[in-house]
$ cat query_3.cif   # mmCIF, C-alpha atoms
data_protein
#
loop_
_atom_site.label_atom_id
_atom_site.label_comp_id
_atom_site.auth_asym_id
_atom_site.auth_seq_id
_atom_site.Cartn_x
_atom_site.Cartn_y
_atom_site.Cartn_z
CA MET A 1 21.25 3.25 16.00
CA LEU A 2 21.02 0.18 13.79
CA ARG A 3 21.31 0.93 10.12
CA HIS A 4 18.07 0.60 8.13
CA SER A 5 17.80 -2.35 5.79
CA LEU A 6 15.01 -3.14 3.35
CA THR A 7 14.36 -5.89 0.84
CA ALA A 8 12.05 -4.66 -1.88
CA VAL A 9 10.46 -7.12 -4.31
CA ILE A 10 10.02 -4.88 -7.34
CA ALA A 11 8.90 -7.61 -9.76
CA ARG A 12 7.27 -10.88 -8.76
CA ASN A 13 6.55 -13.65 -11.26
CA GLU A 14 6.63 -11.16 -14.12
CA LYS A 15 7.18 -12.63 -17.54
CA TRP A 16 9.92 -10.87 -19.46
CA SER A 17 9.97 -11.12 -23.22
CA GLY A 18 10.97 -8.42 -25.66
CA THR A 19 11.47 -5.15 -23.74
CA SER A 20 10.37 -5.10 -20.08
CA ALA A 21 10.91 -2.74 -17.16
CA THR A 22 10.22 -2.88 -13.45
CA GLU A 23 8.15 -0.13 -11.90
CA PRO A 24 10.08 2.91 -10.56
CA TYR A 25 11.28 2.48 -6.98
CA GLU A 26 12.45 5.26 -4.65
CA VAL A 27 15.68 4.46 -2.84
CA GLY A 28 17.01 7.89 -1.91
CA TRP A 29 17.48 6.97 1.76
CA ALA A 30 19.92 4.12 0.96
CA GLN A 31 23.64 4.26 0.30
CA GLU A 32 24.02 0.87 -1.29
CA VAL A 33 21.91 -1.75 -2.99
CA ALA A 34 22.31 -5.30 -4.19
CA VAL A 35 20.09 -6.11 -7.16
CA PHE A 36 19.06 -9.73 -7.69
CA ILE A 37 17.21 -11.33 -10.57
CA THR A 38 15.87 -14.81 -9.81
CA ALA A 39 14.33 -16.93 -12.54
CA LEU A 40 11.15 -18.88 -11.79
CA LYS A 41 11.05 -19.96 -15.43
CA SER A 42 13.56 -19.45 -18.22
CA GLU A 43 13.78 -20.66 -21.77
CA GLY A 44 15.70 -19.78 -24.90
CA LEU A 45 18.28 -17.63 -23.13
CA ASN A 46 22.05 -17.97 -23.37
CA LYS A 47 24.56 -17.66 -20.53
CA GLY A 48 26.31 -14.29 -20.48
CA ASN A 49 23.31 -12.62 -22.13
CA ALA A 50 23.63 -9.36 -20.14
CA ALA A 51 20.02 -8.76 -21.17
CA ALA A 52 19.10 -6.72 -18.09
CA ARG A 53 20.46 -3.34 -17.06
CA VAL A 54 19.99 -0.89 -14.22
CA GLN A 55 18.58 2.58 -14.89
CA MET A 56 18.51 5.78 -12.83
CA SER A 57 16.12 8.70 -13.12
CA PRO A 58 15.92 12.36 -12.06
CA ASP A 59 12.15 12.23 -11.61
CA GLY A 60 10.82 8.67 -11.87
CA MET A 61 9.65 9.32 -15.42
CA ARG A 62 12.75 9.85 -17.56
CA TRP A 63 15.44 7.16 -17.46
CA VAL A 64 19.13 6.79 -18.20
CA ASP A 65 21.39 3.74 -18.04
CA GLU A 66 23.37 3.53 -14.83
CA GLY A 67 25.98 1.33 -16.51
CA THR A 68 25.46 -1.97 -14.72
CA THR A 69 24.22 -4.99 -16.66
CA LEU A 70 23.02 -8.37 -15.37
CA ASP A 71 22.29 -11.68 -16.97
CA VAL A 72 18.72 -12.82 -17.06
CA PRO A 73 19.20 -16.29 -15.52
CA THR A 74 19.05 -19.17 -17.98
CA VAL A 75 17.81 -21.88 -15.59
CA VAL A 76 15.02 -22.17 -13.04
CA ASP A 77 16.19 -20.79 -9.67
CA GLY A 78 19.17 -19.22 -11.38
CA VAL A 79 20.25 -15.93 -9.81
CA SER A 80 22.18 -12.95 -11.12
CA MET A 81 23.37 -10.08 -8.97
CA ALA A 82 24.94 -6.62 -9.07
CA ARG A 83 26.13 -4.19 -6.36
CA LEU A 84 25.57 -0.45 -6.70
CA ARG A 85 26.39 2.77 -4.87
CA GLY A 86 25.69 6.42 -5.70
CA PHE A 87 22.43 5.85 -7.56
CA GLY A 88 20.28 8.86 -6.64
CA ASN A 89 16.61 8.50 -5.73
CA TRP A 90 15.07 6.28 -8.41
CA LEU A 91 16.00 2.84 -9.71
CA ARG A 92 14.52 0.36 -12.09
CA VAL A 93 15.70 -2.69 -14.03
CA VAL A 94 15.11 -2.96 -17.77
CA ALA A 95 15.47 -6.13 -19.84
CA GLU A 96 15.63 -6.69 -23.55
CA ILE A 97 15.22 -10.32 -24.49
CA ALA A 98 15.42 -11.71 -28.02
CA PRO A 99 12.17 -13.12 -29.48
CA SER A 100 13.41 -16.68 -29.02
CA GLY A 101 13.61 -16.37 -25.23
CA ASN A 102 11.60 -15.44 -22.16
CA ALA A 103 11.84 -15.65 -18.40
CA SER A 104 9.53 -15.24 -15.41
CA VAL A 105 11.46 -13.40 -12.75
CA ILE A 106 11.60 -12.06 -9.24
CA VAL A 107 13.63 -8.86 -9.00
CA THR A 108 14.69 -7.71 -5.55
CA LEU A 109 16.54 -4.70 -4.23
CA HIS A 110 18.44 -5.18 -0.95
CA LEU A 111 18.96 -1.70 0.41
CA LYS A 112 20.82 -0.27 3.38
CA MET B 1 -11.27 2.44 34.10
CA GLN B 2 -9.61 5.83 34.01
CA THR B 3 -10.42 8.53 36.55
CA ALA B 4 -11.03 12.06 35.34
CA THR B 5 -7.64 13.10 36.72
CA THR B 6 -5.86 10.27 34.92
CA HIS B 7 -7.66 11.14 31.70
CA ASP B 8 -6.73 14.82 31.94
CA THR B 9 -3.12 14.03 32.80
CA LEU B 10 -2.81 11.59 29.91
CA ARG B 11 -4.39 14.09 27.56
CA ALA B 12 -2.02 16.88 28.67
CA MET B 13 1.03 14.64 28.27
CA ARG B 14 -0.02 13.65 24.78
CA HIS B 15 -0.70 17.22 23.76
CA ALA B 16 2.80 18.15 24.90
CA ASP B 17 4.29 15.53 22.58
CA PRO B 18 4.50 16.90 19.01
CA ALA B 19 4.30 13.39 17.56
CA LEU B 20 1.05 12.67 19.40
CA SER B 21 -0.67 16.01 19.74
CA ARG B 22 -1.97 15.87 16.18
CA PHE B 23 -3.88 12.67 17.01
CA ASP B 24 -6.85 11.96 19.28
CA PRO B 25 -5.94 8.41 20.30
CA LEU B 26 -7.82 6.11 22.62
CA PRO B 27 -6.00 5.38 25.91
CA ARG B 28 -3.71 2.60 24.68
CA LEU B 29 -1.40 3.12 21.70
CA LEU B 30 -0.80 0.05 19.59
CA CYS B 31 1.18 1.75 16.81
CA LEU B 32 2.44 5.25 16.17
CA ASP B 33 4.10 4.90 12.79
CA ASN B 34 6.14 7.67 11.34
CA PHE B 35 7.91 6.59 8.20
CA ASN B 36 11.12 8.41 9.00
CA THR B 37 12.14 5.20 10.74
CA GLY B 38 11.28 2.77 7.96
CA SER B 39 8.14 1.16 6.61
CA CYS B 40 6.97 0.19 10.14
CA GLY B 41 5.58 -3.19 9.13
CA PHE B 42 3.63 -2.06 6.08
CA VAL B 43 4.31 -4.45 3.21
CA GLN B 44 2.73 -5.13 -0.13
CA LEU B 45 -0.44 -7.17 -0.02
CA ILE B 46 0.09 -10.53 -1.68
CA GLY B 47 -2.57 -12.90 -2.89
CA ASN B 48 -2.75 -16.41 -1.49
CA TYR B 49 -1.16 -19.22 -3.51
CA GLU B 50 -0.29 -22.89 -3.28
CA GLY B 51 2.37 -24.74 -5.22
CA SER B 52 3.10 -21.92 -7.64
CA LEU B 53 2.74 -18.16 -7.77
CA ASP B 54 0.71 -18.81 -10.92
CA SER B 55 -2.14 -20.03 -8.68
CA MET B 56 -2.59 -16.51 -7.27
CA LEU B 57 -5.76 -14.72 -8.41
CA PRO B 58 -4.76 -12.26 -11.15
CA GLU B 59 -6.19 -9.29 -9.23
CA TYR B 60 -3.40 -9.75 -6.65
CA ALA B 61 -0.53 -10.57 -8.98
CA ARG B 62 0.57 -7.04 -9.82
CA TYR B 63 0.63 -5.38 -6.43
CA SER B 64 4.06 -4.00 -5.53
CA GLN B 65 6.14 -2.93 -2.57
CA PRO B 66 5.42 0.38 -0.84
CA MET B 67 8.43 2.69 -0.70
CA LEU B 68 9.90 5.40 1.48
CA SER B 69 9.56 8.68 -0.37
CA THR B 70 10.59 12.28 0.16
CA ILE B 71 7.82 13.10 -2.36
CA ASN B 72 10.07 14.20 -5.18
CA HIS B 73 8.85 16.19 -8.14
CA TRP B 74 10.57 17.15 -11.35
CA ASP B 75 9.78 20.86 -10.89
CA THR B 76 10.17 21.44 -7.14
CA GLY B 77 12.39 18.64 -5.83
CA SER B 78 11.72 16.95 -2.51
CA GLN B 79 8.69 18.20 -0.61
CA GLY B 80 9.27 15.89 2.36
CA ALA B 81 6.50 14.56 4.56
CA MET B 82 4.28 16.37 7.04
CA SER B 83 6.64 15.34 9.81
CA GLY B 84 10.25 14.79 8.80
CA ASN B 85 11.53 13.72 5.42
CA TYR B 86 9.83 10.44 4.60
CA ALA B 87 6.33 9.28 3.79
CA LEU B 88 5.17 5.80 2.90
CA LYS B 89 4.27 5.79 -0.79
CA LEU B 90 1.97 3.37 -2.62
CA ALA B 91 2.11 3.53 -6.40
CA THR B 92 -0.14 1.95 -9.00
CA ARG B 93 1.00 1.04 -12.45
CA ALA B 94 0.34 3.41 -15.34
CA GLN B 95 -2.80 1.60 -16.45
CA ALA B 96 -6.39 2.66 -15.75
CA GLY B 97 -7.87 0.45 -13.04
CA SER B 98 -4.48 -0.52 -11.62
CA GLN B 99 -4.48 -0.79 -7.84
CA ASN B 100 -1.93 -1.17 -5.08
CA VAL B 101 -2.29 -2.10 -1.41
CA ALA B 102 -0.01 -1.92 1.63
CA ILE B 103 -0.90 -3.91 4.73
CA LYS B 104 0.24 -4.20 8.35
CA ARG B 105 -0.61 -7.44 10.12
CA LEU B 106 -1.39 -7.56 13.86
CA THR B 107 -3.65 -9.41 16.28
CA PHE B 108 -5.79 -7.96 19.06
CA ARG B 109 -5.80 -8.82 22.76
CA LYS B 110 -9.24 -7.52 23.73
CA ARG B 111 -12.45 -7.00 21.85
CA GLY B 112 -13.17 -3.34 22.48
CA PRO B 113 -13.02 0.03 20.74
CA ILE B 114 -10.11 0.75 18.39
CA ARG B 115 -9.30 3.92 16.46
CA LEU B 116 -7.29 4.20 13.25
CA GLU B 117 -5.95 7.70 12.57
CA PHE B 118 -3.74 8.72 9.68
CA TYR B 119 -2.46 11.70 7.72
CA PHE B 120 -2.59 11.08 3.99
CA THR B 121 -2.50 12.67 0.59
CA PHE B 122 -2.74 11.48 -2.99
CA LYS B 123 -1.69 12.66 -6.43
CA PRO B 124 -1.29 11.32 -9.95
CA GLU B 125 2.20 11.08 -11.40
CA ALA B 126 3.11 14.53 -12.70
CA SER B 127 3.66 13.28 -16.23
CA GLU B 128 1.56 16.02 -17.81
CA MET B 129 1.43 19.77 -17.26
CA ARG B 130 -2.30 19.58 -16.60
CA LEU B 131 -4.31 19.82 -13.40
CA SER B 132 -5.05 16.05 -13.58
CA GLU B 133 -7.47 16.25 -10.65
CA ALA B 134 -9.58 13.35 -11.94
CA ASP B 135 -6.73 10.93 -12.72
CA VAL B 136 -6.65 9.20 -9.33
CA ARG B 137 -9.69 6.93 -9.02
CA SER B 138 -9.69 6.29 -5.30
CA VAL B 139 -7.73 6.04 -2.10
CA GLY B 140 -8.90 4.20 0.97
CA PHE B 141 -8.30 1.88 3.85
CA LEU B 142 -9.63 -1.34 5.31
CA LEU B 143 -9.41 -3.45 8.41
CA ASP B 144 -9.29 -7.23 8.14
CA LEU B 145 -10.54 -8.72 11.40
CA GLN B 146 -11.53 -12.07 12.81
CA THR B 147 -13.01 -12.94 16.17
CA GLY B 148 -11.12 -15.01 18.77
CA ASP B 149 -11.08 -18.80 18.54
CA ARG B 150 -13.34 -19.19 21.61
CA ASP B 151 -15.83 -16.51 20.65
CA GLY B 152 -19.41 -17.56 20.01
CA ASP B 153 -19.93 -15.13 17.15
CA ALA B 154 -17.07 -16.44 14.99
CA ALA B 155 -16.72 -14.36 11.84
CA ARG B 156 -14.25 -12.62 9.60
CA VAL B 157 -15.16 -8.96 9.29
CA MET B 158 -13.65 -6.51 6.80
CA PRO B 159 -14.64 -2.85 7.10
CA HIS B 160 -13.73 -0.94 3.91
CA MET B 161 -13.79 2.78 3.16
CA ARG B 162 -12.62 4.70 0.12
CA PHE B 163 -12.64 8.23 -1.22
CA LEU B 164 -13.89 7.83 -4.77
CA ASN B 165 -12.06 10.74 -6.35
CA ALA B 166 -13.03 10.01 -9.94
CA LYS B 167 -14.63 7.31 -12.06
CA ASP B 168 -14.24 7.21 -15.82
CA GLY B 169 -13.07 10.81 -15.73
CA ASN B 170 -16.00 12.04 -13.63
CA HIS B 171 -14.69 13.92 -10.58
CA ALA B 172 -16.98 12.16 -8.07
CA GLN B 173 -15.35 13.08 -4.72
CA LYS B 174 -17.40 10.95 -2.33
CA TRP B 175 -16.81 8.45 0.45
CA GLN B 176 -17.89 4.88 -0.11
CA PHE B 177 -17.97 1.54 1.70
CA LYS B 178 -18.65 -1.99 0.63
CA ARG B 179 -20.42 -5.06 1.98
CA GLN B 180 -19.72 -7.54 -0.79
CA THR B 181 -16.62 -9.43 -1.81
CA SER B 182 -16.14 -11.79 -4.74
CA PRO B 183 -16.96 -15.50 -4.33
CA VAL B 184 -14.38 -17.33 -2.21
CA ARG B 185 -12.34 -19.61 -4.48
CA LYS B 186 -10.20 -22.61 -3.54
CA LEU B 187 -6.57 -22.58 -4.63
CA GLY B 188 -4.32 -25.59 -5.19
CA THR B 189 -5.09 -29.16 -4.23
CA ASP B 190 -4.54 -29.40 -0.45
CA ASN B 191 -7.99 -27.93 0.26
CA LYS B 192 -6.44 -25.48 2.75
CA VAL B 193 -6.00 -22.23 0.81
CA VAL B 194 -8.74 -19.96 -0.49
CA SER B 195 -8.82 -16.46 -1.90
CA HIS B 196 -11.34 -13.74 -2.71
CA VAL B 197 -11.16 -10.25 -4.17
CA HIS B 198 -12.51 -7.82 -1.60
CA LEU B 199 -11.17 -4.69 -3.29
CA ALA B 200 -12.85 -5.24 -6.66
CA GLU B 201 -14.36 -2.17 -8.31
CA ASP B 202 -17.88 -3.58 -7.91
CA ASP B 203 -20.32 -3.15 -5.02
CA TRP B 204 -19.11 0.13 -3.52
CA GLU B 205 -21.94 2.11 -1.90
CA ASN B 206 -22.13 5.77 -0.91
CA LEU B 207 -22.08 6.87 2.72
CA ALA B 208 -24.89 9.14 3.81
CA ASP B 209 -24.02 12.71 2.77
CA ALA B 210 -20.98 11.19 1.06
CA ASP B 211 -19.68 14.19 -0.89
CA GLN B 212 -16.51 15.91 0.29
CA ARG B 213 -14.27 18.23 -1.66
CA LEU B 214 -10.69 17.85 -0.45
CA CYS B 215 -7.82 20.25 -1.01
CA TYR B 216 -6.21 18.97 -4.23
CA ASN B 217 -4.36 22.23 -4.91
CA GLU B 218 -3.60 23.79 -8.27
CA ILE B 219 -0.99 21.66 -10.04
CA PRO B 220 -0.05 17.97 -9.70
CA THR B 221 3.09 18.72 -7.71
CA LYS B 222 1.50 20.72 -4.88
CA ILE B 223 0.49 18.50 -1.98
CA ASN B 224 -1.62 19.09 1.12
CA TRP B 225 -2.07 16.56 3.92
CA HIS B 226 -5.45 15.29 5.11
CA TYR B 227 -6.55 13.72 8.39
CA GLY B 228 -8.58 10.51 8.57
CA CYS B 229 -10.02 8.77 11.64
CA PHE B 230 -12.03 5.54 11.73
CA ASP B 231 -13.58 4.17 14.92
CA PHE B 232 -14.50 0.51 15.19
CA ASP B 233 -15.75 -1.62 18.05
CA LEU B 234 -14.20 -5.09 18.06
CA GLU B 235 -16.77 -6.25 20.62
CA THR B 236 -19.77 -5.64 18.39
CA MET B 237 -17.77 -5.74 15.16
CA GLN B 238 -19.41 -2.50 14.05
CA ALA B 239 -17.95 0.77 12.80
CA THR B 240 -18.95 3.70 14.98
CA GLN B 241 -17.59 6.86 13.32
CA PHE B 242 -15.53 8.16 10.42
CA ARG B 243 -13.93 11.59 10.19
CA CYS B 244 -11.96 13.30 7.44
CA ASN B 245 -10.60 16.77 8.10
CA ASP B 246 -13.54 18.93 9.19
CA ARG B 247 -16.27 16.38 8.38
CA VAL B 248 -17.82 13.72 10.62
CA PHE B 249 -19.72 11.01 8.75
CA ASP B 250 -22.68 9.29 10.32
CA LEU B 251 -22.29 5.54 9.94
CA GLN B 252 -25.37 4.51 11.90
CA GLY B 253 -27.93 2.59 9.94
CA ILE B 254 -26.11 2.51 6.63
CA TYR B 255 -22.48 1.49 7.00
CA ASP B 256 -21.63 -2.16 7.20
CA CYS B 257 -18.63 -4.38 6.55
CA ILE B 258 -17.87 -7.36 4.37
CA ARG B 259 -18.74 -10.32 6.60
CA LEU B 260 -17.55 -13.87 5.96
CA PRO B 261 -17.57 -17.15 7.88
CA ALA B 262 -14.51 -17.41 10.14
CA MET B 263 -11.47 -18.92 8.45
CA PRO B 264 -9.27 -21.59 10.04
CA ASN B 265 -6.04 -19.66 10.61
CA LEU B 266 -7.02 -16.03 11.24
CA TRP B 267 -8.13 -15.88 14.92
CA CYS B 268 -7.89 -12.44 16.59
CA MET B 269 -6.56 -10.99 13.33
CA LEU B 270 -6.20 -7.23 13.24
CA ASN B 271 -4.83 -6.12 9.86
CA LEU B 272 -4.86 -2.58 8.58
CA ALA B 273 -4.38 -1.75 4.93
CA PHE B 274 -4.35 1.28 2.65
CA PHE B 275 -4.96 1.27 -1.08
CA VAL B 276 -4.96 3.45 -4.19
CA ASP B 277 -6.43 3.02 -7.71
CA THR B 278 -5.80 4.99 -10.86
CA ASP B 279 -8.54 6.13 -13.23
CA ALA B 280 -6.14 7.00 -16.06
CA ASP B 281 -3.21 5.40 -17.83
CA LYS B 282 -1.01 7.17 -15.32
CA ARG B 283 0.45 6.10 -11.97
CA ALA B 284 -1.53 7.16 -8.90
CA PHE B 285 0.25 7.71 -5.61
CA LEU B 286 -1.04 7.49 -2.04
CA TYR B 287 1.27 8.96 0.60
CA LEU B 288 0.96 8.27 4.33
CA ASP B 289 2.76 10.65 6.66
CA SER B 290 1.85 8.81 9.85
CA VAL B 291 -0.54 6.19 11.19
CA CYS B 292 -1.77 5.85 14.76
CA LEU B 293 -3.72 2.79 15.92
CA SER B 294 -5.09 2.96 19.44
CA GLY B 295 -7.50 1.00 21.59
CA ASP B 296 -9.48 1.24 24.79
CA PHE B 297 -8.33 -1.74 26.86
#
$ encode --input "query_3.cif" --output "structure tokens"
Amino acid sequence: MLRHSLTAVIARNEKWSGTSATEPYEVGWAQEVAVFITALKSEGLNKGNAAARVQMSPDGMRWVDEGTTLDVPTVVDGVSMARLRGFGNWLRVVAEIAPSGNASVIVTLHLK
Amino acid sequence: MQTATTHDTLRAMRHADPALSRFDPLPRLLCLDNFNTGSCGFVQLIGNYEGSLDSMLPEYARYSQPMLSTINHWDTGSQGAMSGNYALKLATRAQAGSQNVAIKRLTFRKRGPIRLEFYFTFKPEASEMRLSEADVRSVGFLLDLQTGDRDGDAARVMPHMRFLNAKDGNHAQKWQFKRQTSPVRKLGTDNKVVSHVHLAEDDWENLADADQRLCYNEIPTKINWHYGCFDFDLETMQATQFRCNDRVFDLQGIYDCIRLPAMPNLWCMLNLAFFVDTDADKRAFLYLDSVCLSGDF
């Protein structure tokens, strides 16, 4: 049987400034995921900002850092990416952006 | 045309199949979706846009992707679906009035009777140790249909139905339909893309004898499945019957659909969608165990 594969858009054209988080997403069926952040707009951010991080949850309500960080892209159409395995059932992406910056992003999970 | 023998044989074969025996499908199966094999073509509804996502009507901007869920709770773990492990889950945001919609997009090959059957349940996020029975505002479904390009009665027709569970904290528990959508608005500059908000909170009307008390159970993490069945005739573009569990609702003389002039690129469209709204600053979840769409053609 072909392995299942799913691309989930978990944030679309969402403006990140200050502290932001994607909605909880259930991924318990998958063994691996690639997380992408694509910038539709970006201003006031520095390269290497590592402003976004992946979180896991036991219940979709309480969250803990998974350990992976990503840059929030600093240019339009810029993309950052991380690969994960062993993440349990719930994932989300959290970003903390300094007051001088903001970005409008698409966040996608590529699961299989 | 089926003979009586063919009908009986078909019925017996379907009753012997555990995946089908829970449904009462019309002779031809278009879809029998069981979310143990993926999301089966159900995707988040997205608003129309041109040039930029910023042109999308704000009511559509915050819909999100449905997910495959084993219905996990902090106190009991994974419940699983009615059949197998996975259900399709739609989740709102944790903001009163937030809505989410999942849609499957098809076309039809003959204008005749169709039947949409589904097993569903709904719950608020179990973020409080309270009954929370009035935290989900509504769950429902719609068809988005358009006649064929050669048909003389060209129209876009959108039957809607929802279970209004609660409104402003009032535990209403009644079935509703709607005939009105918002004004159709042009998007962008090419004069080709329009949008309208057919799932707005306004203009819902009660079915006759609309009240129904469903099994909610006793805490937010106990779930029971419900059966829904909606019959529609594509030839007349009229709904003919709605059932939920043990109740049959009379649609004659009261139920009608949203009806719009035909649109340029939607001929023979047969879309089915499910939706959920929250009445509290708490996520509301709609779970679908299985969906069966059948037709008589």
$ interface_residues --input "query_3.cif" --of "chain A" --to "chain B" --cutoff "10 Å" --atoms "only C-alpha atoms" --output "list in words"
His4, Ser5, Leu6, Thr7, Ala8, Val9, Ile10, Ala11, Arg12, Asn13, Glu14, Glu23, Pro24, Tyr25, Glu26, Val27, Gly28, Trp29, Leu40, Pro58, Asp59, Gly60, Met61, Arg62, Asn89 and Trp90 of chain A
$ closest_residue --input "query_3.cif" --among "B:Asn191, B:Gln99, B:Ser78, B:Thr181" --to "Pro264 (chain B)" --atoms "only C-alpha atoms"
B:Asn191
$ residues_around --input "query_3.cif" --residues "Ala82 (chain A)" --least-positions-apart "4" --cutoff "9 Å" --atoms "only C-alpha atoms" --output "PyMOL selection string"
chain A and resi 33-36+68-70
$ atom_distance --input "query_3.cif" --atom1 "CA of Val193 (chain B)" --atom2 "CA of Asp149 (chain B)"
18.8 Å
$ residues_around --input "query_3.cif" --residues "Thr19 (chain A)" --least-positions-apart "6" --cutoff "10 Å" --atoms "only C-alpha atoms" --output "list in words"
Ala51, Ala52, Val94, Ala95, Glu96, Ile97, Ala98 and Pro99 of chain A
$ resolve_selection --input "query_3.cif" --expression "the PyMOL selection byres ((chain B and resi 207) around 6)" --output "list in words"
Trp175, Gln176, Asn206, Ala208 and Ala210 of chain B
$ residues_near_point --input "query_3.cif" --point "(27.7, 8.5, -8.0)" --cutoff "12 Å" --atoms "only C-alpha atoms" --output "CSV table (one decimal) with C-alpha atoms, keeping the file's coordinate frame"
chain,number,residue,atom,x,y,z
A,31,GLN,CA,23.6,4.3,0.3
A,32,GLU,CA,24.0,0.9,-1.3
A,56,MET,CA,18.5,5.8,-12.8
A,66,GLU,CA,23.4,3.5,-14.8
A,67,GLY,CA,26.0,1.3,-16.5
A,84,LEU,CA,25.6,-0.4,-6.7
A,85,ARG,CA,26.4,2.8,-4.9
A,86,GLY,CA,25.7,6.4,-5.7
A,87,PHE,CA,22.4,5.8,-7.6
A,88,GLY,CA,20.3,8.9,-6.6
A,89,ASN,CA,16.6,8.5,-5.7
$ resolve_selection --input "query_3.cif" --expression "the PyMOL selection byres ((chain B and resi 158-165) around 8)" --output "VMD selection string"
chain B and resid 134 136 to 145 156 to 157 166 to 167 171 to 178 239 256 to 259
$ residues_around --input "query_3.cif" --residues "region 26-29 of chain B" --least-positions-apart "6" --cutoff "6 Å" --atoms "all atoms listed in the file" --output "list in words"
Ser294, Gly295 and Asp296 of chain B
$ build_atoms --input "query_3.cif" --residues "region 49-64 of chain B" --atoms "N, CA and C atoms" --output "PDB file, keeping the file's coordinate frame"
ATOM      1  N   TYR B  49      -1.564 -18.301  -2.444  1.00  0.00           N
ATOM      2  CA  TYR B  49      -1.160 -19.220  -3.510  1.00  0.00           C
ATOM      3  C   TYR B  49      -0.795 -20.560  -2.892  1.00  0.00           C
ATOM      4  N   GLU B  50      -0.746 -21.565  -3.718  1.00  0.00           N
ATOM      5  CA  GLU B  50      -0.290 -22.890  -3.280  1.00  0.00           C
ATOM      6  C   GLU B  50       0.429 -23.550  -4.439  1.00  0.00           C
ATOM      7  N   GLY B  51       1.634 -24.011  -4.193  1.00  0.00           N
ATOM      8  CA  GLY B  51       2.370 -24.740  -5.220  1.00  0.00           C
ATOM      9  C   GLY B  51       3.125 -23.865  -6.185  1.00  0.00           C
ATOM     10  N   SER B  52       2.475 -22.813  -6.659  1.00  0.00           N
ATOM     11  CA  SER B  52       3.100 -21.920  -7.640  1.00  0.00           C
ATOM     12  C   SER B  52       2.486 -20.535  -7.493  1.00  0.00           C
ATOM     13  N   LEU B  53       3.290 -19.518  -7.749  1.00  0.00           N
ATOM     14  CA  LEU B  53       2.740 -18.160  -7.770  1.00  0.00           C
ATOM     15  C   LEU B  53       1.683 -18.004  -8.852  1.00  0.00           C
ATOM     16  N   ASP B  54       1.717 -18.880  -9.852  1.00  0.00           N
ATOM     17  CA  ASP B  54       0.710 -18.810 -10.920  1.00  0.00           C
ATOM     18  C   ASP B  54      -0.690 -19.111 -10.411  1.00  0.00           C
ATOM     19  N   SER B  55      -0.812 -19.728  -9.220  1.00  0.00           N
ATOM     20  CA  SER B  55      -2.140 -20.030  -8.680  1.00  0.00           C
ATOM     21  C   SER B  55      -2.804 -18.807  -8.048  1.00  0.00           C
ATOM     22  N   MET B  56      -2.049 -17.732  -7.874  1.00  0.00           N
ATOM     23  CA  MET B  56      -2.590 -16.510  -7.270  1.00  0.00           C
ATOM     24  C   MET B  56      -3.661 -15.911  -8.177  1.00  0.00           C
ATOM     25  N   LEU B  57      -4.739 -15.387  -7.604  1.00  0.00           N
ATOM     26  CA  LEU B  57      -5.760 -14.720  -8.410  1.00  0.00           C
ATOM     27  C   LEU B  57      -5.121 -13.516  -9.111  1.00  0.00           C
ATOM     28  N   PRO B  58      -5.457 -13.309 -10.377  1.00  0.00           N
ATOM     29  CA  PRO B  58      -4.760 -12.260 -11.150  1.00  0.00           C
ATOM     30  C   PRO B  58      -4.909 -10.867 -10.551  1.00  0.00           C
ATOM     31  N   GLU B  59      -5.995 -10.628  -9.822  1.00  0.00           N
ATOM     32  CA  GLU B  59      -6.190  -9.290  -9.230  1.00  0.00           C
ATOM     33  C   GLU B  59      -5.085  -8.954  -8.228  1.00  0.00           C
ATOM     34  N   TYR B  60      -4.444  -9.974  -7.653  1.00  0.00           N
ATOM     35  CA  TYR B  60      -3.400  -9.750  -6.650  1.00  0.00           C
ATOM     36  C   TYR B  60      -1.989  -9.779  -7.237  1.00  0.00           C
ATOM     37  N   ALA B  61      -1.855 -10.236  -8.473  1.00  0.00           N
ATOM     38  CA  ALA B  61      -0.530 -10.570  -8.980  1.00  0.00           C
ATOM     39  C   ALA B  61       0.359  -9.350  -9.207  1.00  0.00           C
ATOM     40  N   ARG B  62      -0.242  -8.182  -9.411  1.00  0.00           N
ATOM     41  CA  ARG B  62       0.570  -7.040  -9.820  1.00  0.00           C
ATOM     42  C   ARG B  62       0.690  -5.961  -8.748  1.00  0.00           C
ATOM     43  N   TYR B  63       0.339  -6.302  -7.524  1.00  0.00           N
ATOM     44  CA  TYR B  63       0.630  -5.380  -6.430  1.00  0.00           C
ATOM     45  C   TYR B  63       2.152  -5.289  -6.244  1.00  0.00           C
ATOM     46  N   SER B  64       2.610  -4.180  -5.683  1.00  0.00           N
ATOM     47  CA  SER B  64       4.060  -4.000  -5.530  1.00  0.00           C
ATOM     48  C   SER B  64       4.379  -3.357  -4.189  1.00  0.00           C
TER      49      SER B  64
END
